[in-house]
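**Student:** Structure provided below as structure tokens; questions to follow.
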Amino acid sequence: MKILVPVKRVVDYNVKVRVKSDGTGVDLANVKMSMNPFDEIAIEEAVRLREAGVATEVVAVSCGVTACQETLRTAMAIGADRSILVETDVELQPLAVAKLLKAVADKEAPQVFILGKQAIDDDANQTGQMLAALLGWSQATFASKVVIADGKATVTREIDGGLETIEVSLPTVITTDLRLNEPRYATLPNIMKAKKKPMDILKPADLGVDVTPRLTTVKVSEPPKRSAGVKVADVATLVEKLKNEAKVI
Amino acid sequence: MSTYNAPLKDMLFVLNEIADLAEIAKLPGYEEATPDLVEAVLEEANKFASGVLAPINWSGDREGAKWKDKAVTTPAGFAAAYQQFVDGGWNGLSCDPEHGGQGMPKVLAAAVNEMWRSANIAFALCPMLTNGAIEALELCGSPEQKSQYLPNMIAGKWTGTMNLTEPQAGSDLAAIRTRAVPQGDGTYKVFGQKIFITYGDHDFTENTIHLVLARTPDAPEGVKGISLFVVPKFLVNDDGSLGARNDAYCVSIEHKLGIHASPTCVMAFGDGEGAIGTLVGKENEGLKYMFIMMNAARFGVGLEGLSLGEAAYQKAATFARERIQGRAIEGSAASVAIIQHPDVRRMLMDMRSRTEAMRALAYWVAGVNDIAARHADAATRQSNQALVDLLIPIVKGWSTETGNALTYTGVQVHGGMGFIEETGAAQFMRDARITTIYEGTTGIQANDLIGRKIARDGGATIAVLLAAMSVTNDELKSQSNADLRVIGNALAGGIEALQAAVNYIVANYGKDVRTVALGAVPFLHLLGTVAGGWVLARSALVAAAKITAGETDPFFAAKIITARYFAEHSMVAAPGLAQEIVAGGASGLALAEDLF
């Protein structure tokens, strides 16, 4: 069984992001980039499935600029067997990525996709769902436990009310939640091996996919600053303020 | 409590621009150490240092190592972290691939080792000592000893120790009394007590391999009669399995000012029937072997000064941004973060600039060391080795003295909170204190520097270094950038002061060694300061060129400002130090001994 794991290069989670002064987006100049943490969990899960003998091959896929090669090397240092970069300088939106991944799937014929439920930069939470729809596969999102056996995946999902366990038949698209696993530290020998593992580089045109953005960003702004709190005299005043000033009750 | 994040940008800048990693990657055996691999290794090492080692640094200090029934227990989390360290393959980073190491250059190991030491110096001492023992066996061990011990030591499955010091033999190893008696079967029985043995016992691994200095029965007196033995905690059978428990025990551990999590052991060899060991190399050559490893050991301790300076700086800078206290000196409506106060700025800039100077110097020396070890041309190897030998006392002595100064400043930035242990700033200061003492005190480094490294060759090697500095100086002179010109003027002043002090030492060492030696430590500071200013000046030149070429990363502008700060605040001390060396010796010796 082959598993494809899409990984995205995003602003490192430690970086305090800043909005560009012209409000067109987030300032990415000279900012540390690394693998989307949810995708790291996805790679870890896929590698564990291979180590357990459930999967036979783990292929990491990234879509984006040349520097995504570093992200793929990281995925291979964790344990992916090889990787594919769909290289483009175009700003990629979830639908475009889902289409690219579908095209890669058509070539690679995996049984399972495992990917992060969302990326920490745009928090779209769409790619996995769109990909399942495009492929016509089942989907199991927000996974906190994955068991694959007998052509089925039993997936425990994190939902608002608690946990839900569903069974989907393969092929399937699984998206990871935070508690699925704790990714390992890459070992030094594996970091060195990762350099020698194969990486294919394709262009969107090779896959026949039009990645032109469909959405237009109107404006990006900082969240409003928190203003200072006030002390209230009694509960009655608090309720009154919540009703009439904050208008939350 | 401790948070640490490796300064990856500066590390990569220094590796690529100052230590010239690309050139080192051309040396035989180092072909794999390409810039992209090095970056990946540093990224992952940082994850390990910040995610696994730093979180147990403060708790390890509070809890400390414990001793009971001749065995040591390390603080909570240390044994598990060590297992993760070994599973990650980090122990063998720069070891020989023939026995399972990864064979990476020393210059990369310097950066990775800086991280381990910054995150948790007490933990890092264990692999540091193991690596020292590995190096001894690689260089001097028999084929049997190598195959018996090296694979497991390089993998980190067994650790290593260095047993030199005895109660009456500290800096002076000639006074060693531990005995080794040949048994006629190729083995020896070792009897004696060793003190200050780092990680002499612990709960990390199934076996510990002790390297022990001892005298054979008919050995000559003094340093010429010392031999080196390998004495395992558990004897190793021919098939590699563990045999009987050897008669080598930790009989107590020291209560110390710092590095509490690192067990400093009193080791008793042969209290019972005798500790079985085998000779390393030839009899009576033990001290010579120790000297071969001395550069590596001293370099390793020098890194500790840099590492603790960096750790202290990170903590102080974070605190200074968060701590709101007092109005701005020029007046402000509200209280401000203390980073806005000029004197706090001065302290932070001191810490930052001197840390960056130490890093650039240490990595550069590590790179020169790689060239000295691997270059195809013998003359190139030799001249680079001479530079390494000259600068090891600086990396060791100057960086650890500076590290102490910076951890002190780190406490000062925190004010009263720095004096409180819970803040964690004090730990860096306490941990740093040993670094100017072990592996040869600052005084011993300085005496080695002026005697063996300067006077002995009549200043020939340091002339090469001075010439290299002058090349940088000429380059700075031709710049129109105002910052670079200031940096250039300071470097010119530093070179002049250094030259004057060297001339004095070369001319007077043979005539009046006592008076010259009184200025040994000031000279160590002078050479450290000027060499540090020189590598920062080179950094500033590279940064300026990058900016001219269109680089917009503020890192490069910061590099120039930091180099200028060092020029205007540290390099200015150079003429004063030269004056102290040249003119201050006599008064230091004038007072009669009984008046002290």
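Residues are referred to by chain and number: the chain letter is A, B, ... according to the order shown in the structure tokens, the number counts from 1 in that chain, and ligands are numbered separately from 1 in the order shown.
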Report the closest atom pair, with its distance in Å rounded to one decimal, for each residue of stretch 19-136 of chain A that has an atom no farther than 12 Å from stretch 554-573 of chain B; count only C-alpha atoms, sort by chain and then rising residue number, and write it as CSV.
**Tutor:**
```
residue,atom,partner,partner_atom,distance
A:Ala29,CA,B:Pro554,CA,10.1
A:Asn30,CA,B:Pro554,CA,8.1
A:Val31,CA,B:Pro554,CA,10.7
```
**Student:** Mind dumping a table of every chain B residue within 9 Å of chain A, with the nearest atom pair and its distance in Å to one decimal, using only C-alpha atoms, sorted by chain and rising number, as a tab-separated table?
**Tutor:**
```
residue	atom	partner	partner_atom	distance
B:Glu32	CA	A:Met192	CA	8.4
B:Asp36	CA	A:Glu70	CA	8.5
B:Leu37	CA	A:Met192	CA	7.0
B:Ala40	CA	A:Ile191	CA	7.0
B:Val41	CA	A:Ile191	CA	6.7
B:Glu44	CA	A:Ala186	CA	6.5
B:Ala45	CA	A:Leu188	CA	8.5
B:Lys47	CA	A:Tyr185	CA	7.4
B:Phe48	CA	A:Tyr185	CA	6.8
B:Gln84	CA	A:Tyr185	CA	8.8
B:Phe85	CA	A:Thr187	CA	8.9
B:Asp87	CA	A:Thr187	CA	7.2
B:Gly88	CA	A:Thr187	CA	4.0
B:Gly89	CA	A:Leu188	CA	5.3
B:Trp90	CA	A:Leu188	CA	6.0
B:Leu93	CA	A:Leu188	CA	7.6
B:Gln102	CA	A:Pro189	CA	7.4
B:Thr552	CA	A:Asn30	CA	7.8
B:Asp553	CA	A:Asn30	CA	5.5
B:Pro554	CA	A:Asn30	CA	8.1
B:Phe555	CA	A:Asn30	CA	8.8
```
**Student:** Could you write those residues out with C-alpha atoms, as a PDB file, in the first residue's frame?
**Tutor:**
```
ATOM      1  CA  GLU B  32      29.101  15.251   2.159  1.00  0.00           C
ATOM      2  CA  ASP B  36      22.368  22.358   2.423  1.00  0.00           C
ATOM      3  CA  LEU B  37      23.166  19.264   4.483  1.00  0.00           C
ATOM      4  CA  ALA B  40      19.467  20.546   7.688  1.00  0.00           C
ATOM      5  CA  VAL B  41      21.686  19.108  10.427  1.00  0.00           C
ATOM      6  CA  GLU B  44      17.305  19.260  13.465  1.00  0.00           C
ATOM      7  CA  ALA B  45      19.986  19.641  16.147  1.00  0.00           C
ATOM      8  CA  LYS B  47      14.946  20.974  17.551  1.00  0.00           C
ATOM      9  CA  PHE B  48      16.631  18.428  19.786  1.00  0.00           C
ATOM     10  CA  GLN B  84      17.095   9.905  22.715  1.00  0.00           C
ATOM     11  CA  PHE B  85      20.424  11.588  21.998  1.00  0.00           C
ATOM     12  CA  ASP B  87      18.999   6.999  19.189  1.00  0.00           C
ATOM     13  CA  GLY B  88      19.274  10.192  17.160  1.00  0.00           C
ATOM     14  CA  GLY B  89      22.807   9.221  16.182  1.00  0.00           C
ATOM     15  CA  TRP B  90      24.216  12.525  17.483  1.00  0.00           C
ATOM     16  CA  LEU B  93      28.649  13.224  14.428  1.00  0.00           C
ATOM     17  CA  GLN B 102      29.231  10.056  10.582  1.00  0.00           C
ATOM     18  CA  THR B 552      17.410  43.220   2.622  1.00  0.00           C
ATOM     19  CA  ASP B 553      17.578  40.880   5.616  1.00  0.00           C
ATOM     20  CA  PRO B 554      18.084  43.082   8.715  1.00  0.00           C
ATOM     21  CA  PHE B 555      20.494  40.398   9.977  1.00  0.00           C
TER      22      PHE B 555
END
```
**Student:** Would you list, as a PyMOL selection string, the residues of stretch 14-213 of chain A that end up in strand (DSSP E or B) under DSSP run on this structure's backbone?
**Tutor:** chain A and resi 19+26+33-35+57-64+82-87+112-116+138-149+152-159+162-169+172-176+199-202
**Student:** Suppose you want the space between atom CA of B:Ala446 and atom CA of B:Val506; what is it in Å?
**Tutor:**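 Taking atom CA of B:Ala446 and atom CA of B:Val506, their separation equals 14.6 Å.
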**Student:** Identify, on the basis of only C-alpha atoms, every residue whose closest approach to stretch 41-43 of chain A does not exceed 10 Å; exclude the query and any residue fewer than 5 positions from it along the same chain; express the result as an mmCIF file with N, CA and C atoms, in the first residue's frame.
**Tutor:**
```
data_model
loop_
_atom_site.group_PDB
_atom_site.id
_atom_site.type_symbol
_atom_site.label_atom_id
_atom_site.label_comp_id
_atom_site.auth_asym_id
_atom_site.auth_seq_id
_atom_site.Cartn_x
_atom_site.Cartn_y
_atom_site.Cartn_z
ATOM 1 N N ILE A 3 1.278 5.326 0.424
ATOM 2 C CA ILE A 3 0.650 6.504 1.048
ATOM 3 C C ILE A 3 1.299 7.759 0.484
ATOM 4 N N LEU A 4 0.473 8.705 0.059
ATOM 5 C CA LEU A 4 0.966 10.015 -0.352
ATOM 6 C C LEU A 4 0.729 11.008 0.779
ATOM 7 N N VAL A 5 1.762 11.772 1.093
ATOM 8 C CA VAL A 5 1.623 12.769 2.162
ATOM 9 C C VAL A 5 1.977 14.154 1.624
ATOM 10 N N PRO A 6 0.972 14.989 1.384
ATOM 11 C CA PRO A 6 1.262 16.354 0.963
ATOM 12 C C PRO A 6 1.796 17.172 2.138
ATOM 13 N N VAL A 7 2.870 17.936 1.903
ATOM 14 C CA VAL A 7 3.436 18.792 2.955
ATOM 15 C C VAL A 7 3.564 20.213 2.433
ATOM 16 N N ASN A 36 4.572 22.780 7.758
ATOM 17 C CA ASN A 36 3.325 22.918 8.502
ATOM 18 C C ASN A 36 3.247 21.823 9.571
ATOM 19 N N ARG A 48 4.940 5.632 10.501
ATOM 20 C CA ARG A 48 4.611 4.588 11.483
ATOM 21 C C ARG A 48 3.838 3.442 10.814
ATOM 22 N N LEU A 49 2.950 3.785 9.894
ATOM 23 C CA LEU A 49 2.193 2.734 9.198
ATOM 24 C C LEU A 49 3.132 1.864 8.364
ATOM 25 N N VAL A 58 6.044 5.459 1.377
ATOM 26 C CA VAL A 58 5.533 6.775 1.762
ATOM 27 C C VAL A 58 6.171 7.814 0.848
ATOM 28 N N VAL A 59 5.322 8.544 0.131
ATOM 29 C CA VAL A 59 5.828 9.550 -0.797
ATOM 30 C C VAL A 59 5.344 10.922 -0.335
ATOM 31 N N ALA A 60 6.282 11.838 -0.087
ATOM 32 C CA ALA A 60 5.912 13.199 0.303
ATOM 33 C C ALA A 60 5.753 14.047 -0.954
ATOM 34 N N THR A 74 13.112 17.494 4.756
ATOM 35 C CA THR A 74 12.733 17.268 6.156
ATOM 36 C C THR A 74 11.798 16.068 6.251
ATOM 37 N N ALA A 75 10.821 16.000 5.328
ATOM 38 C CA ALA A 75 9.879 14.873 5.334
ATOM 39 C C ALA A 75 10.629 13.557 5.130
ATOM 40 N N MET A 76 11.630 13.577 4.265
ATOM 41 C CA MET A 76 12.391 12.351 4.007
ATOM 42 C C MET A 76 13.319 12.027 5.179
ATOM 43 N N ILE A 78 12.448 12.492 8.254
ATOM 44 C CA ILE A 78 11.558 11.826 9.218
ATOM 45 C C ILE A 78 11.317 10.388 8.771
ATOM 46 N N GLY A 79 11.313 10.161 7.451
ATOM 47 C CA GLY A 79 11.186 8.772 7.012
ATOM 48 C C GLY A 79 10.470 8.535 5.693
ATOM 49 N N ALA A 80 9.993 9.586 5.004
ATOM 50 C CA ALA A 80 9.383 9.368 3.690
ATOM 51 C C ALA A 80 10.425 8.744 2.763
ATOM 52 N N PHE A 113 -4.229 8.981 1.136
ATOM 53 C CA PHE A 113 -3.588 10.284 1.341
ATOM 54 C C PHE A 113 -3.661 10.592 2.828
ATOM 55 N N ILE A 114 -2.560 11.023 3.421
ATOM 56 C CA ILE A 114 -2.647 11.577 4.780
ATOM 57 C C ILE A 114 -2.084 12.995 4.713
ATOM 58 N N LEU A 115 -2.859 13.969 5.145
ATOM 59 C CA LEU A 115 -2.363 15.339 5.128
ATOM 60 C C LEU A 115 -2.896 16.097 6.327
ATOM 61 N N GLY A 116 -2.235 17.216 6.631
ATOM 62 C CA GLY A 116 -2.670 18.043 7.749
ATOM 63 C C GLY A 116 -4.087 18.549 7.517
ATOM 64 N N LYS A 117 -4.844 18.709 8.621
ATOM 65 C CA LYS A 117 -6.229 19.161 8.451
ATOM 66 C C LYS A 117 -6.259 20.576 7.913
ATOM 67 N N ALA A 143 -8.319 13.504 12.190
ATOM 68 C CA ALA A 143 -8.063 12.202 12.811
ATOM 69 C C ALA A 143 -7.215 12.324 14.069
ATOM 70 N N ILE A 174 -7.233 11.059 4.513
ATOM 71 C CA ILE A 174 -7.282 11.274 5.964
ATOM 72 C C ILE A 174 -6.599 12.604 6.274
ATOM 73 N N THR A 175 -7.239 13.451 7.079
ATOM 74 C CA THR A 175 -6.529 14.657 7.524
ATOM 75 C C THR A 175 -6.293 14.573 9.024
ATOM 76 N N THR A 176 -5.128 15.077 9.445
ATOM 77 C CA THR A 176 -4.650 14.853 10.817
ATOM 78 C C THR A 176 -5.022 15.989 11.744
ATOM 79 N N ASP A 177 -5.375 15.638 12.958
ATOM 80 C CA ASP A 177 -5.516 16.638 14.012
ATOM 81 C C ASP A 177 -4.259 16.603 14.873
ATOM 82 N N LEU A 178 -4.204 17.526 15.816
ATOM 83 C CA LEU A 178 -2.982 17.729 16.591
ATOM 84 C C LEU A 178 -2.596 16.526 17.450
ATOM 85 N N ARG A 179 -3.591 15.788 17.942
ATOM 86 C CA ARG A 179 -3.303 14.738 18.922
ATOM 87 C C ARG A 179 -3.107 13.359 18.304
ATOM 88 N N LEU A 180 -2.988 13.299 16.999
ATOM 89 C CA LEU A 180 -2.824 11.988 16.359
ATOM 90 C C LEU A 180 -1.528 11.303 16.805
ATOM 91 N N ASN A 181 -0.448 12.061 16.852
ATOM 92 C CA ASN A 181 0.834 11.498 17.299
ATOM 93 C C ASN A 181 1.772 12.647 17.638
ATOM 94 N N GLU A 182 2.928 12.289 18.173
ATOM 95 C CA GLU A 182 3.957 13.301 18.410
ATOM 96 C C GLU A 182 5.112 13.000 17.465
ATOM 97 N N PRO A 183 5.340 13.869 16.485
ATOM 98 C CA PRO A 183 6.386 13.555 15.499
ATOM 99 C C PRO A 183 7.744 13.356 16.162
ATOM 100 N N ARG A 184 8.506 12.434 15.628
ATOM 101 C CA ARG A 184 9.827 12.120 16.159
ATOM 102 C C ARG A 184 10.828 13.206 15.782
#
```
**Student:** One number please: atom CA of B:Gln445 to atom CA of B:Gly397, in Å, one decimal.
**Tutor:**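 Computed distance, atom CA of B:Gln445 to atom CA of B:Gly397, equals 5.9 Å.
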**Student:** Do you know which residues are at most 8 Å from stretch 183-197 of chain B counting only C-alpha atoms, after dropping those on the same chain fewer than 6 positions away, and could you put them as a PyMOL selection string?
**Tutor:** chain B and resi 161-167+177+214+254+263-271+274-279
**Student:** Neighbours of A:Asp122 within 10 Å (only C-alpha atoms; same-chain residues fewer than 5 positions away dropped), as a list in words?
**Tutor:**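 With the cut-off at 10 Å, the set is Val10, Gln93 and Pro94 of chain A.
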**Student:** Please report, as a ChimeraX atom specification, each residue of stretch 194-282 of chain B to which DSSP assigns helix (DSSP H, G or I) when run on this structure's backbone.
**Tutor:** /B:222-225
**Student:** Have a look at atom CA of B:Gly588 and atom CA of B:Thr407 and let me know their distance in Å, one decimal.
**Tutor:**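 Those two atoms sit 28.5 Å apart.
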